[in-house]
Structures are given as C-alpha cells and as structure tokens.
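Printed here is model-v5.cif (mmCIF, C-alpha atoms and all ligand atoms):
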```cif
data_final
#
loop_
_atom_site.label_atom_id
_atom_site.label_comp_id
_atom_site.auth_asym_id
_atom_site.auth_seq_id
_atom_site.Cartn_x
_atom_site.Cartn_y
_atom_site.Cartn_z
CA MET D 1086 39.89 40.23 30.22
CA ASN D 1087 37.88 39.14 27.21
CA GLY D 1088 35.01 41.06 25.60
CA ILE D 1089 32.22 39.11 27.21
CA GLN D 1090 33.59 39.39 30.73
CA GLN D 1091 33.88 43.14 30.13
CA GLU D 1092 30.27 43.25 28.97
CA GLU D 1093 29.17 41.52 32.16
CA MET D 1094 31.12 44.06 34.26
CA ASP D 1095 29.46 46.92 32.42
CA PHE D 1096 26.14 46.08 34.04
CA GLY D 1097 27.66 47.88 37.05
CA ALA D 1098 25.73 47.55 40.32
CA ASP D 1099 23.23 45.18 38.72
CA SER D 1100 25.91 42.81 37.41
CA ASP D 1101 25.32 40.03 39.96
CA ARG D 1102 21.60 40.04 39.40
CA MET D 1103 21.86 40.16 35.61
CA LYS D 1104 24.68 37.69 35.19
CA LYS D 1105 23.47 34.41 33.77
CA LYS D 1106 23.95 31.29 35.87
CA THR D 1107 26.75 28.97 34.78
CA VAL D 1108 27.90 25.53 35.94
CA ALA D 1109 31.57 24.68 36.51
CA GLY D 1110 32.77 22.65 33.51
CA GLY D 1111 29.51 23.20 31.64
CA VAL D 1112 26.73 20.71 31.00
CA LEU D 1113 26.20 18.83 27.74
CA ILE D 1114 22.65 17.65 27.03
CA THR D 1115 22.03 15.78 23.79
CA PHE D 1116 18.79 14.90 22.02
CA GLU D 1117 18.54 11.72 20.00
CA GLY D 1118 15.89 9.79 18.10
CA GLY D 1119 14.74 8.72 14.67
CA GLU D 1120 13.06 10.85 12.03
CA GLY D 1121 9.92 12.76 12.97
CA VAL D 1122 9.98 12.13 16.74
CA GLY D 1123 9.79 15.84 17.61
CA LYS D 1124 13.39 16.08 18.84
CA SER D 1125 14.18 19.50 17.43
CA THR D 1126 10.97 21.03 18.77
CA GLN D 1127 11.69 19.65 22.25
CA ALA D 1128 15.34 20.78 22.16
CA GLU D 1129 14.20 24.28 21.26
CA ARG D 1130 11.58 24.23 24.00
CA LEU D 1131 14.13 23.22 26.62
CA PHE D 1132 16.52 25.93 25.41
CA HIS D 1133 13.91 28.66 25.96
CA LYS D 1134 12.87 27.22 29.31
CA LEU D 1135 16.44 27.18 30.67
CA GLN D 1136 17.02 30.69 29.37
CA SER D 1137 13.87 31.83 31.16
CA PHE D 1138 15.42 30.52 34.41
CA GLY D 1139 18.46 32.73 33.78
CA ILE D 1140 20.74 29.77 32.99
CA ASP D 1141 23.45 30.48 30.41
CA THR D 1142 22.40 28.11 27.61
CA ILE D 1143 23.21 27.63 23.93
CA GLN D 1144 21.78 25.23 21.38
CA ALA D 1145 23.17 23.62 18.24
CA HIS D 1146 22.30 20.94 15.73
CA GLU D 1147 24.35 18.21 14.04
CA PRO D 1148 25.27 18.14 11.26
CA GLY D 1149 25.19 21.89 10.96
CA SER D 1150 25.57 24.92 13.22
CA SER D 1151 28.88 25.65 11.46
CA ASP D 1152 29.68 26.57 7.88
CA LEU D 1153 31.48 23.28 7.31
CA GLY D 1154 28.66 21.33 8.97
CA ASN D 1155 25.96 22.99 6.85
CA ASN D 1156 27.86 22.20 3.66
CA ILE D 1157 28.39 18.59 4.71
CA ARG D 1158 24.70 18.29 5.63
CA ASN D 1159 23.62 19.58 2.23
CA TRP D 1160 26.00 17.26 0.43
CA ILE D 1161 25.03 14.14 2.39
CA LYS D 1162 21.34 14.78 2.02
CA ARG D 1163 21.66 15.01 -1.77
CA ALA D 1164 24.12 12.14 -2.32
CA ASN D 1165 22.45 8.98 -3.59
CA SER D 1166 24.99 6.61 -2.22
CA SER D 1167 28.15 6.89 -0.23
CA SER D 1168 29.90 4.15 1.69
CA PRO D 1169 28.95 3.93 5.38
CA LEU D 1170 32.56 4.77 6.21
CA ALA D 1171 32.66 7.86 3.96
CA GLU D 1172 29.37 9.00 5.45
CA THR D 1173 30.66 8.41 8.97
CA LEU D 1174 33.83 10.41 8.29
CA LEU D 1175 31.80 13.34 6.95
CA PHE D 1176 29.57 13.41 10.03
CA GLU D 1177 32.68 13.17 12.22
CA ALA D 1178 34.32 16.07 10.36
CA ALA D 1179 31.24 18.23 10.95
CA ARG D 1180 31.27 17.15 14.61
CA ALA D 1181 34.98 17.91 15.10
CA GLN D 1182 34.46 21.41 13.69
CA LEU D 1183 31.42 22.09 15.88
CA MET D 1184 33.26 20.88 18.99
CA PHE D 1185 36.23 23.11 18.19
CA GLU D 1186 34.26 26.18 17.19
CA MET D 1187 31.33 26.18 19.57
CA ILE D 1188 30.77 23.33 22.02
CA ARG D 1189 34.08 23.11 23.86
CA PRO D 1190 34.45 26.89 24.30
CA ALA D 1191 30.87 27.05 25.60
CA LEU D 1192 31.43 24.19 28.08
CA ASP D 1193 34.68 25.82 29.22
CA ARG D 1194 32.68 28.96 30.01
CA GLY D 1195 30.21 26.97 32.12
CA LYS D 1196 27.28 27.07 29.74
CA VAL D 1197 24.58 24.47 29.32
CA VAL D 1198 24.83 23.15 25.75
CA ILE D 1199 21.77 21.59 24.16
CA LEU D 1200 22.83 19.57 21.17
CA ASP D 1201 20.30 18.15 18.71
CA ARG D 1202 22.09 14.90 17.68
CA TYR D 1203 25.61 13.85 18.62
CA THR D 1204 27.79 10.71 18.59
CA ASP D 1205 24.88 8.32 19.24
CA SER D 1206 23.30 9.36 15.92
CA THR D 1207 26.35 7.99 14.09
CA VAL D 1208 26.16 4.72 16.03
CA ALA D 1209 22.43 4.38 15.29
CA TYR D 1210 22.43 5.50 11.63
CA GLN D 1211 25.82 4.54 10.20
CA GLY D 1212 26.28 1.59 12.59
CA TYR D 1213 22.99 -0.17 13.36
CA ALA D 1214 21.11 0.96 10.24
CA ARG D 1215 23.85 1.09 7.58
CA GLY D 1216 25.94 -1.75 8.95
CA GLY D 1217 29.15 0.19 9.68
CA ASP D 1218 31.54 -1.37 12.17
CA LEU D 1219 30.51 -0.28 15.68
CA LYS D 1220 34.04 -0.38 17.11
CA THR D 1221 35.38 1.85 14.32
CA ILE D 1222 32.50 4.30 14.80
CA SER D 1223 33.09 4.41 18.51
CA LYS D 1224 36.80 5.16 17.94
CA LEU D 1225 35.98 7.90 15.42
CA ASN D 1226 33.42 9.41 17.80
CA GLN D 1227 36.07 9.52 20.49
CA ILE D 1228 38.57 11.24 18.16
CA ALA D 1229 36.08 13.82 16.84
CA THR D 1230 34.88 14.83 20.30
CA ALA D 1231 38.12 14.44 22.30
CA GLY D 1232 36.08 12.11 24.48
CA TYR D 1233 33.36 14.57 25.56
CA ILE D 1234 30.46 12.43 26.80
CA PRO D 1235 27.03 14.01 27.39
CA HIS D 1236 25.86 14.45 30.97
CA LEU D 1237 22.36 13.58 29.78
CA THR D 1238 21.05 12.09 26.54
CA VAL D 1239 17.32 12.43 25.92
CA LEU D 1240 16.06 9.69 23.62
CA LEU D 1241 12.65 10.43 22.16
CA ASP D 1242 11.36 6.99 21.36
CA LEU D 1243 8.61 6.34 18.85
CA ASP D 1244 7.60 3.47 16.56
CA PRO D 1245 8.81 4.54 13.08
CA LYS D 1246 5.42 3.61 11.61
CA ILE D 1247 4.03 6.57 13.56
CA SER D 1248 6.97 8.97 13.22
CA LEU D 1249 7.29 8.51 9.45
CA SER D 1250 3.62 9.22 8.96
CA ARG D 1251 4.16 12.47 10.87
CA ILE D 1252 6.85 13.49 8.37
CA SER D 1253 4.72 12.68 5.34
CA ASN D 1254 2.18 15.15 6.69
CA GLU D 1255 4.86 17.87 6.74
CA PRO D 1256 6.44 17.56 3.30
CA SER D 1257 8.38 20.82 3.35
CA LEU D 1258 10.24 20.32 6.62
CA PHE D 1259 12.56 17.65 7.91
CA SER D 1260 11.35 15.96 11.07
CA GLY D 1261 9.08 18.84 11.97
CA SER D 1262 12.06 21.16 12.40
CA ILE D 1263 11.02 24.73 13.05
CA ASN D 1264 14.39 26.17 12.09
CA PRO D 1265 14.12 27.90 8.70
CA SER D 1266 17.83 27.24 7.99
CA ARG D 1267 17.00 23.52 7.93
CA VAL D 1268 14.14 23.55 5.43
CA ASP D 1269 15.04 21.01 2.77
CA ASP D 1270 14.37 20.63 -0.92
CA GLU D 1271 12.54 17.58 -2.24
CA ASP D 1272 15.85 15.99 -3.30
CA GLN D 1273 17.20 16.24 0.24
CA ARG D 1274 14.94 13.65 1.84
CA ARG D 1275 17.44 10.83 1.64
CA PHE D 1276 17.23 9.34 5.15
CA GLU D 1277 13.50 9.81 5.59
CA ASP D 1278 12.71 7.97 2.37
CA LEU D 1279 14.63 4.81 3.24
CA PRO D 1280 12.59 1.64 3.96
CA LEU D 1281 10.86 1.03 7.27
CA LYS D 1282 13.46 -1.62 8.23
CA PHE D 1283 16.18 1.06 8.16
CA HIS D 1284 14.23 3.15 10.67
CA GLU D 1285 13.44 0.11 12.82
CA ASN D 1286 17.17 -0.63 13.02
CA ILE D 1287 17.84 2.94 14.13
CA ARG D 1288 15.28 2.57 16.90
CA ARG D 1289 16.69 -0.80 17.96
CA GLY D 1290 20.19 0.72 18.07
CA TYR D 1291 19.10 3.59 20.27
CA LEU D 1292 17.17 1.33 22.64
CA GLU D 1293 20.15 -1.03 22.97
CA MET D 1294 22.51 1.89 23.64
CA SER D 1295 20.15 3.35 26.22
CA LYS D 1296 20.53 0.23 28.37
CA THR D 1297 24.29 0.54 28.64
CA GLU D 1298 24.83 3.89 30.38
CA SER D 1299 22.98 5.89 33.03
CA ARG D 1300 23.19 9.15 31.02
CA TRP D 1301 20.16 8.08 28.93
CA ALA D 1302 16.60 9.25 29.59
CA VAL D 1303 14.19 7.36 27.34
CA ILE D 1304 10.98 9.31 26.88
CA ARG D 1305 7.95 8.08 24.96
CA ALA D 1306 7.31 10.52 22.14
CA ASP D 1307 3.72 9.40 21.54
CA GLN D 1308 2.49 11.65 24.37
CA ALA D 1309 1.26 15.23 24.07
CA GLY D 1310 4.14 17.66 23.45
CA HIS D 1311 3.74 19.39 26.83
CA ARG D 1312 3.98 16.04 28.65
CA VAL D 1313 7.18 15.18 26.79
CA ALA D 1314 8.55 18.64 27.67
CA ASP D 1315 7.65 18.17 31.37
CA ALA D 1316 9.37 14.78 31.50
CA ILE D 1317 12.52 16.24 29.90
CA LEU D 1318 12.56 19.25 32.24
CA LYS D 1319 12.24 16.99 35.28
CA ARG D 1320 15.39 15.09 34.29
CA VAL D 1321 17.29 18.26 33.37
CA ARG D 1322 16.32 19.97 36.60
CA ARG D 1323 17.60 16.98 38.61
CA LEU D 1324 20.87 16.97 36.67
CA LEU D 1325 21.47 20.69 37.09
CA ILE D 1326 20.75 20.59 40.81
CA GLU D 1327 23.24 17.69 41.13
CA ARG D 1328 25.75 19.87 39.28
CA GLY D 1329 25.35 22.74 41.73
CA VAL D 1330 22.52 24.91 40.39
CA SER D 1331 20.33 26.02 43.31
CA GLU D 1332 16.76 24.67 43.48
CA SER D 1333 15.38 28.21 43.69
CA THR D 1334 16.56 28.80 40.09
CA PHE D 1335 13.66 26.68 38.85
CA LYS D 1336 10.90 28.54 40.69
CA VAL D 1337 8.73 30.52 38.29
P1 LIG R 1 18.47 16.96 9.59
O1 LIG R 1 17.31 17.35 8.79
O2 LIG R 1 19.59 17.92 9.66
O3 LIG R 1 18.09 16.68 11.04
P2 LIG R 1 17.11 15.89 11.96
O4 LIG R 1 16.71 14.59 11.35
O5 LIG R 1 17.99 15.72 13.15
O6 LIG R 1 15.97 16.82 12.21
O7 LIG R 1 18.98 15.57 9.05
C1 LIG R 1 20.17 15.06 9.40
C2 LIG R 1 20.16 13.62 8.97
O8 LIG R 1 21.46 13.06 9.19
C3 LIG R 1 19.19 12.78 9.81
O9 LIG R 1 18.50 11.92 8.93
C4 LIG R 1 20.08 11.97 10.70
C5 LIG R 1 21.36 11.86 9.93
N1 LIG R 1 22.58 11.69 10.74
C6 LIG R 1 23.35 10.55 10.55
O10 LIG R 1 23.01 9.67 9.72
N2 LIG R 1 24.50 10.40 11.27
C7 LIG R 1 24.92 11.35 12.17
O11 LIG R 1 25.97 11.18 12.80
C8 LIG R 1 24.12 12.53 12.33
C9 LIG R 1 24.56 13.61 13.27
C10 LIG R 1 22.96 12.67 11.58
#
```
Would it be possible to restate this file's structure as structure tokens?
Amino acid sequence: MNGIQQEEMDFGADSDRMKKKTVAGGVLITFEGGEGVGKSTQAERLFHKLQSFGIDTIQAHEPGSSDLGNNIRNWIKRANSSSPLAETLLFEAARAQLMFEMIRPALDRGKVVILDRYTDSTVAYQGYARGGDLKTISKLNQIATAGYIPHLTVLLDLDPKISLSRISNEPSLFSGSINPSRVDDEDQRRFEDLPLKFHENIRRGYLEMSKTESRWAVIRADQAGHRVADAILKRVRRLLIERGVSESTFKV
C-alpha cells in the first residue's frame, strides 16, 4: 500500500465521504490559445471548480511545472534565435519530463489533469508560426507523450489584435498569468513581441486543427470571463458524465 492510499484509509469511518472522486484511466483536459487570451486564468478557474465538486484534480503548465521545464522555459524566453527544430526539441524535452514526473502518474491514479498548453502549442507555434515541418512535430509529440491524447482541448479563440493589446496593458505578467512563478522579466517577452503575422498564423493553426478532431471545444474569448468559464464547465461536465462521474457531483 502506498502512502496516499494509507492516508485515505486513515479517515476511518468518514473515508468514503471524504475520498475524492476519480475516473478510471484519468481525464486529460488541455487549454490552448495564443498570447493574452485568458487561458491560464480559465484553467485555474476550472481547477478550483472541479475541486469544489470533490473531483480529484491537478493542474500544470507547459513548459514548466517541473525543474527541467522551468529551466527550459527561462532559456527559451531569453534566447534571441534558435532554430525551429531546436526550439521544438526543447519543448518536447520539457513535455517528456512532465509526462513522466506528473501527468502519467496522475492519470494512472484516476485524476483529472488540467494542462495549460500541450502538444497543440508546438504544432501552432513551432509549426504554423515558425514554419517547422508539421509531420516531424507530430512524430515528436507522439514520442514525448507516449501517444497520450487529451480527452478535451479547450481552445480560447481571440483575434490577436485584441489579445496583444490586453498583454500590453499588463506589462509585468505574461498573458495575464496569475501564477507568481511565471512572472517574467522584460527580456523574457520573446513570443509576445513577435509581429502580428506570427500571432495570426498561430490562430490559423489552432482553428485548422480544431476542425480535424472532436476533442476540440472552440470558445470565443471576447466574452465576459464568467461566460467563458460557464461554456468551459458545460463541456467538462458533459465529458466527465460520459466518463462515469455521476450527475449529482455537479450539484452545488
Ligand atoms: P508562458 O509565459 O510560460 O505561458 P503562456 O503563454 O502559456 O501563458 O510562455 C510560454 C511560451 O512558449 C508561449 O509564448 C507559448 C510558447 N510555447 C511554444 O512556442 N511551444 C510549445 O510547445 C509550448 C508548450 C509553448
């Protein structure tokens, strides 16, 4: 018996009531979108909501959420130029580590994993925007993740003309992130400061990808935050019920 199972037993007579709800095989929910679309805020919001329903949930962010990932993130955000392939390999290394260290063990334990960026970010940024070969990226994504595909991918879609102006109003944070570990220095604004065309290509990439698989939920990010959150929760609720979570879980 491992430590956590023991901890759950120690609740004694109350253990059933206090045990968090899990889903066989786990559930992977990813958030995607360009800069400044409010992705991290919405991921965080969903995390707290699912926790409030008693669902065993964790959240993570790419690149980051591991020591290796944080170092890679800092390096990439400072580097002035690296080849699209080198950049892709670094993101994939961070991803492989996060999968090994956190995501796969959590899914094996039946948790809901909310991941802020995943494989589709590499396709959109290093593929569509930086011109990297899409087939190579897809192969590398497959290797880094051992083929784990999200059950749901939330794409927050916004015209970059609007999203980039949001960022310029928040100079000290990246993309409106509320996580203090992700506050960046001025010299770490590499992706945000690239020309509008770069960001338009990212958006085009995401929208094209979203038409190819049913796991995508495209949500307009120009609505009030609570409306975006409601739309996301509706999709997540449907998914979790399909995966065996009882409807009564979502009653407040
Ligand atoms: P960061 O501030 O960590 O996050 P975010 O924009 O998600 O709030 O910035 C990470 C940057 O790295 C962001 O500009 C997107 C980019 N990125 C890629 O280019 N490829 C990838 O595979 C991933 C995961 C991120």
query = Which residue gives the smallest distance to ligand LIG 1 (chain R) among D:Ala1191, D:Ile1140, D:Leu1324, D:Ala1178, with all atoms listed in the file counted?
reply =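 Closest residue, counting all atoms listed in the file: D:Ala1178.
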**Q.** Within 12 Å of file point (34.4, 24.0, 34.9), counting only C-alpha atoms, expressed as a ChimeraX atom specification
**A.** /D:1107-1112,1189-1197,1328-1329
Once you have the residues from the selection above, write them out as a PDB file, in the coordinates of the input, restricted to C-alpha atoms.
```
ATOM      1  CA  THR D1107      26.750  28.970  34.780  1.00  0.00           C
ATOM      2  CA  VAL D1108      27.900  25.530  35.940  1.00  0.00           C
ATOM      3  CA  ALA D1109      31.570  24.680  36.510  1.00  0.00           C
ATOM      4  CA  GLY D1110      32.770  22.650  33.510  1.00  0.00           C
ATOM      5  CA  GLY D1111      29.510  23.200  31.640  1.00  0.00           C
ATOM      6  CA  VAL D1112      26.730  20.710  31.000  1.00  0.00           C
ATOM      7  CA  ARG D1189      34.080  23.110  23.860  1.00  0.00           C
ATOM      8  CA  PRO D1190      34.450  26.890  24.300  1.00  0.00           C
ATOM      9  CA  ALA D1191      30.870  27.050  25.600  1.00  0.00           C
ATOM     10  CA  LEU D1192      31.430  24.190  28.080  1.00  0.00           C
ATOM     11  CA  ASP D1193      34.680  25.820  29.220  1.00  0.00           C
ATOM     12  CA  ARG D1194      32.680  28.960  30.010  1.00  0.00           C
ATOM     13  CA  GLY D1195      30.210  26.970  32.120  1.00  0.00           C
ATOM     14  CA  LYS D1196      27.280  27.070  29.740  1.00  0.00           C
ATOM     15  CA  VAL D1197      24.580  24.470  29.320  1.00  0.00           C
ATOM     16  CA  ARG D1328      25.750  19.870  39.280  1.00  0.00           C
ATOM     17  CA  GLY D1329      25.350  22.740  41.730  1.00  0.00           C
TER      18      GLY D1329
END
```
Spatial neighbours of range 1145-1153 of chain D, 12 Å, all atoms listed in the file, chain gap at least 4 places, as JSON, numbers by chain
{"D": [1113, 1114, 1115, 1116, 1117, 1124, 1125, 1126, 1128, 1129, 1132, 1157, 1158, 1159, 1160, 1161, 1162, 1172, 1173, 1174, 1175, 1176, 1177, 1178, 1179, 1180, 1181, 1182, 1183, 1184, 1185, 1186, 1187, 1188, 1191, 1197, 1198, 1199, 1200, 1201, 1202, 1203, 1204, 1205, 1206, 1207, 1262, 1264, 1266, 1267]}
Selection to disk with C-alpha atoms, as an mmCIF file, in the frame of the given file:
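File written: out_19.cif
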```
data_model
loop_
_atom_site.group_PDB
_atom_site.id
_atom_site.type_symbol
_atom_site.label_atom_id
_atom_site.label_comp_id
_atom_site.auth_asym_id
_atom_site.auth_seq_id
_atom_site.Cartn_x
_atom_site.Cartn_y
_atom_site.Cartn_z
ATOM 1 C CA LEU D 1113 26.200 18.830 27.740
ATOM 2 C CA ILE D 1114 22.650 17.650 27.030
ATOM 3 C CA THR D 1115 22.030 15.780 23.790
ATOM 4 C CA PHE D 1116 18.790 14.900 22.020
ATOM 5 C CA GLU D 1117 18.540 11.720 20.000
ATOM 6 C CA LYS D 1124 13.390 16.080 18.840
ATOM 7 C CA SER D 1125 14.180 19.500 17.430
ATOM 8 C CA THR D 1126 10.970 21.030 18.770
ATOM 9 C CA ALA D 1128 15.340 20.780 22.160
ATOM 10 C CA GLU D 1129 14.200 24.280 21.260
ATOM 11 C CA PHE D 1132 16.520 25.930 25.410
ATOM 12 C CA ILE D 1157 28.390 18.590 4.710
ATOM 13 C CA ARG D 1158 24.700 18.290 5.630
ATOM 14 C CA ASN D 1159 23.620 19.580 2.230
ATOM 15 C CA TRP D 1160 26.000 17.260 0.430
ATOM 16 C CA ILE D 1161 25.030 14.140 2.390
ATOM 17 C CA LYS D 1162 21.340 14.780 2.020
ATOM 18 C CA GLU D 1172 29.370 9.000 5.450
ATOM 19 C CA THR D 1173 30.660 8.410 8.970
ATOM 20 C CA LEU D 1174 33.830 10.410 8.290
ATOM 21 C CA LEU D 1175 31.800 13.340 6.950
ATOM 22 C CA PHE D 1176 29.570 13.410 10.030
ATOM 23 C CA GLU D 1177 32.680 13.170 12.220
ATOM 24 C CA ALA D 1178 34.320 16.070 10.360
ATOM 25 C CA ALA D 1179 31.240 18.230 10.950
ATOM 26 C CA ARG D 1180 31.270 17.150 14.610
ATOM 27 C CA ALA D 1181 34.980 17.910 15.100
ATOM 28 C CA GLN D 1182 34.460 21.410 13.690
ATOM 29 C CA LEU D 1183 31.420 22.090 15.880
ATOM 30 C CA MET D 1184 33.260 20.880 18.990
ATOM 31 C CA PHE D 1185 36.230 23.110 18.190
ATOM 32 C CA GLU D 1186 34.260 26.180 17.190
ATOM 33 C CA MET D 1187 31.330 26.180 19.570
ATOM 34 C CA ILE D 1188 30.770 23.330 22.020
ATOM 35 C CA ALA D 1191 30.870 27.050 25.600
ATOM 36 C CA VAL D 1197 24.580 24.470 29.320
ATOM 37 C CA VAL D 1198 24.830 23.150 25.750
ATOM 38 C CA ILE D 1199 21.770 21.590 24.160
ATOM 39 C CA LEU D 1200 22.830 19.570 21.170
ATOM 40 C CA ASP D 1201 20.300 18.150 18.710
ATOM 41 C CA ARG D 1202 22.090 14.900 17.680
ATOM 42 C CA TYR D 1203 25.610 13.850 18.620
ATOM 43 C CA THR D 1204 27.790 10.710 18.590
ATOM 44 C CA ASP D 1205 24.880 8.320 19.240
ATOM 45 C CA SER D 1206 23.300 9.360 15.920
ATOM 46 C CA THR D 1207 26.350 7.990 14.090
ATOM 47 C CA SER D 1262 12.060 21.160 12.400
ATOM 48 C CA ASN D 1264 14.390 26.170 12.090
ATOM 49 C CA SER D 1266 17.830 27.240 7.990
ATOM 50 C CA ARG D 1267 17.000 23.520 7.930
#
```
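Neighbouring residues of range 1277-1281 of chain D at 8 Å or closer, counting all atoms listed in the file and skipping chain neighbours under 6 positions away, are Glu1120, Pro1245, Lys1246 and Leu1249 of chain D.
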- From the list D:Asn1165, D:Ser1223, D:Pro1235, D:Phe1276, which residue is nearest ligand LIG 1 (chain R) when using all atoms listed in the file?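 Answer, going by the shortest atom-to-atom distance: D:Phe1276.
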From the list D:Lys1282, D:Arg1251, D:Arg1215, D:Arg1300, which residue is nearest ligand LIG 1 (chain R) when using all atoms listed in the file?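 Closest to ligand LIG 1 (chain R) of all the choices is D:Arg1215.
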Across D:Ala1214, D:Met1103, D:Val1303, D:Ile1317, the smallest distance to Asp1141 in chain D, with only C-alpha atoms counted, is shown by D:Met1103
* Asked: Quick one, how far is CA of Asp1242 in chain D from CA of Gly1123 in chain D?
  ->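 Interatomic distance here is 9.7 Å.
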In Å and to one decimal, CA of Tyr1213 in chain D is distant from CA of Leu1318 in chain D by 29.0 Å
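Pairwise distance (CA of Gln1227 in chain D, CA of Thr1297 in chain D) equals 16.9 Å.
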Closest of D:Leu1325, D:Leu1237, D:Ala1306, D:Phe1283 to Gly1216 in chain D, counting only C-alpha atoms, is D:Phe1283
With distances taken over only C-alpha atoms and all ligand atoms, which residue among D:Gln1211, D:Ser1167, D:Thr1230, D:Ser1299 lies nearest ligand LIG 1 (chain R)?
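Looking at the shortest contact to ligand LIG 1 (chain R), the residue is D:Gln1211.
For the point (12.8, 33.4, 34.1), the residues with at least one atom inside 9 Å, counting only C-alpha atoms, are D:Lys1134, D:Leu1135, D:Gln1136, D:Ser1137, D:Phe1138, D:Gly1139, D:Ile1140, D:Thr1334, D:Phe1335, D:Lys1336, D:Val1337.
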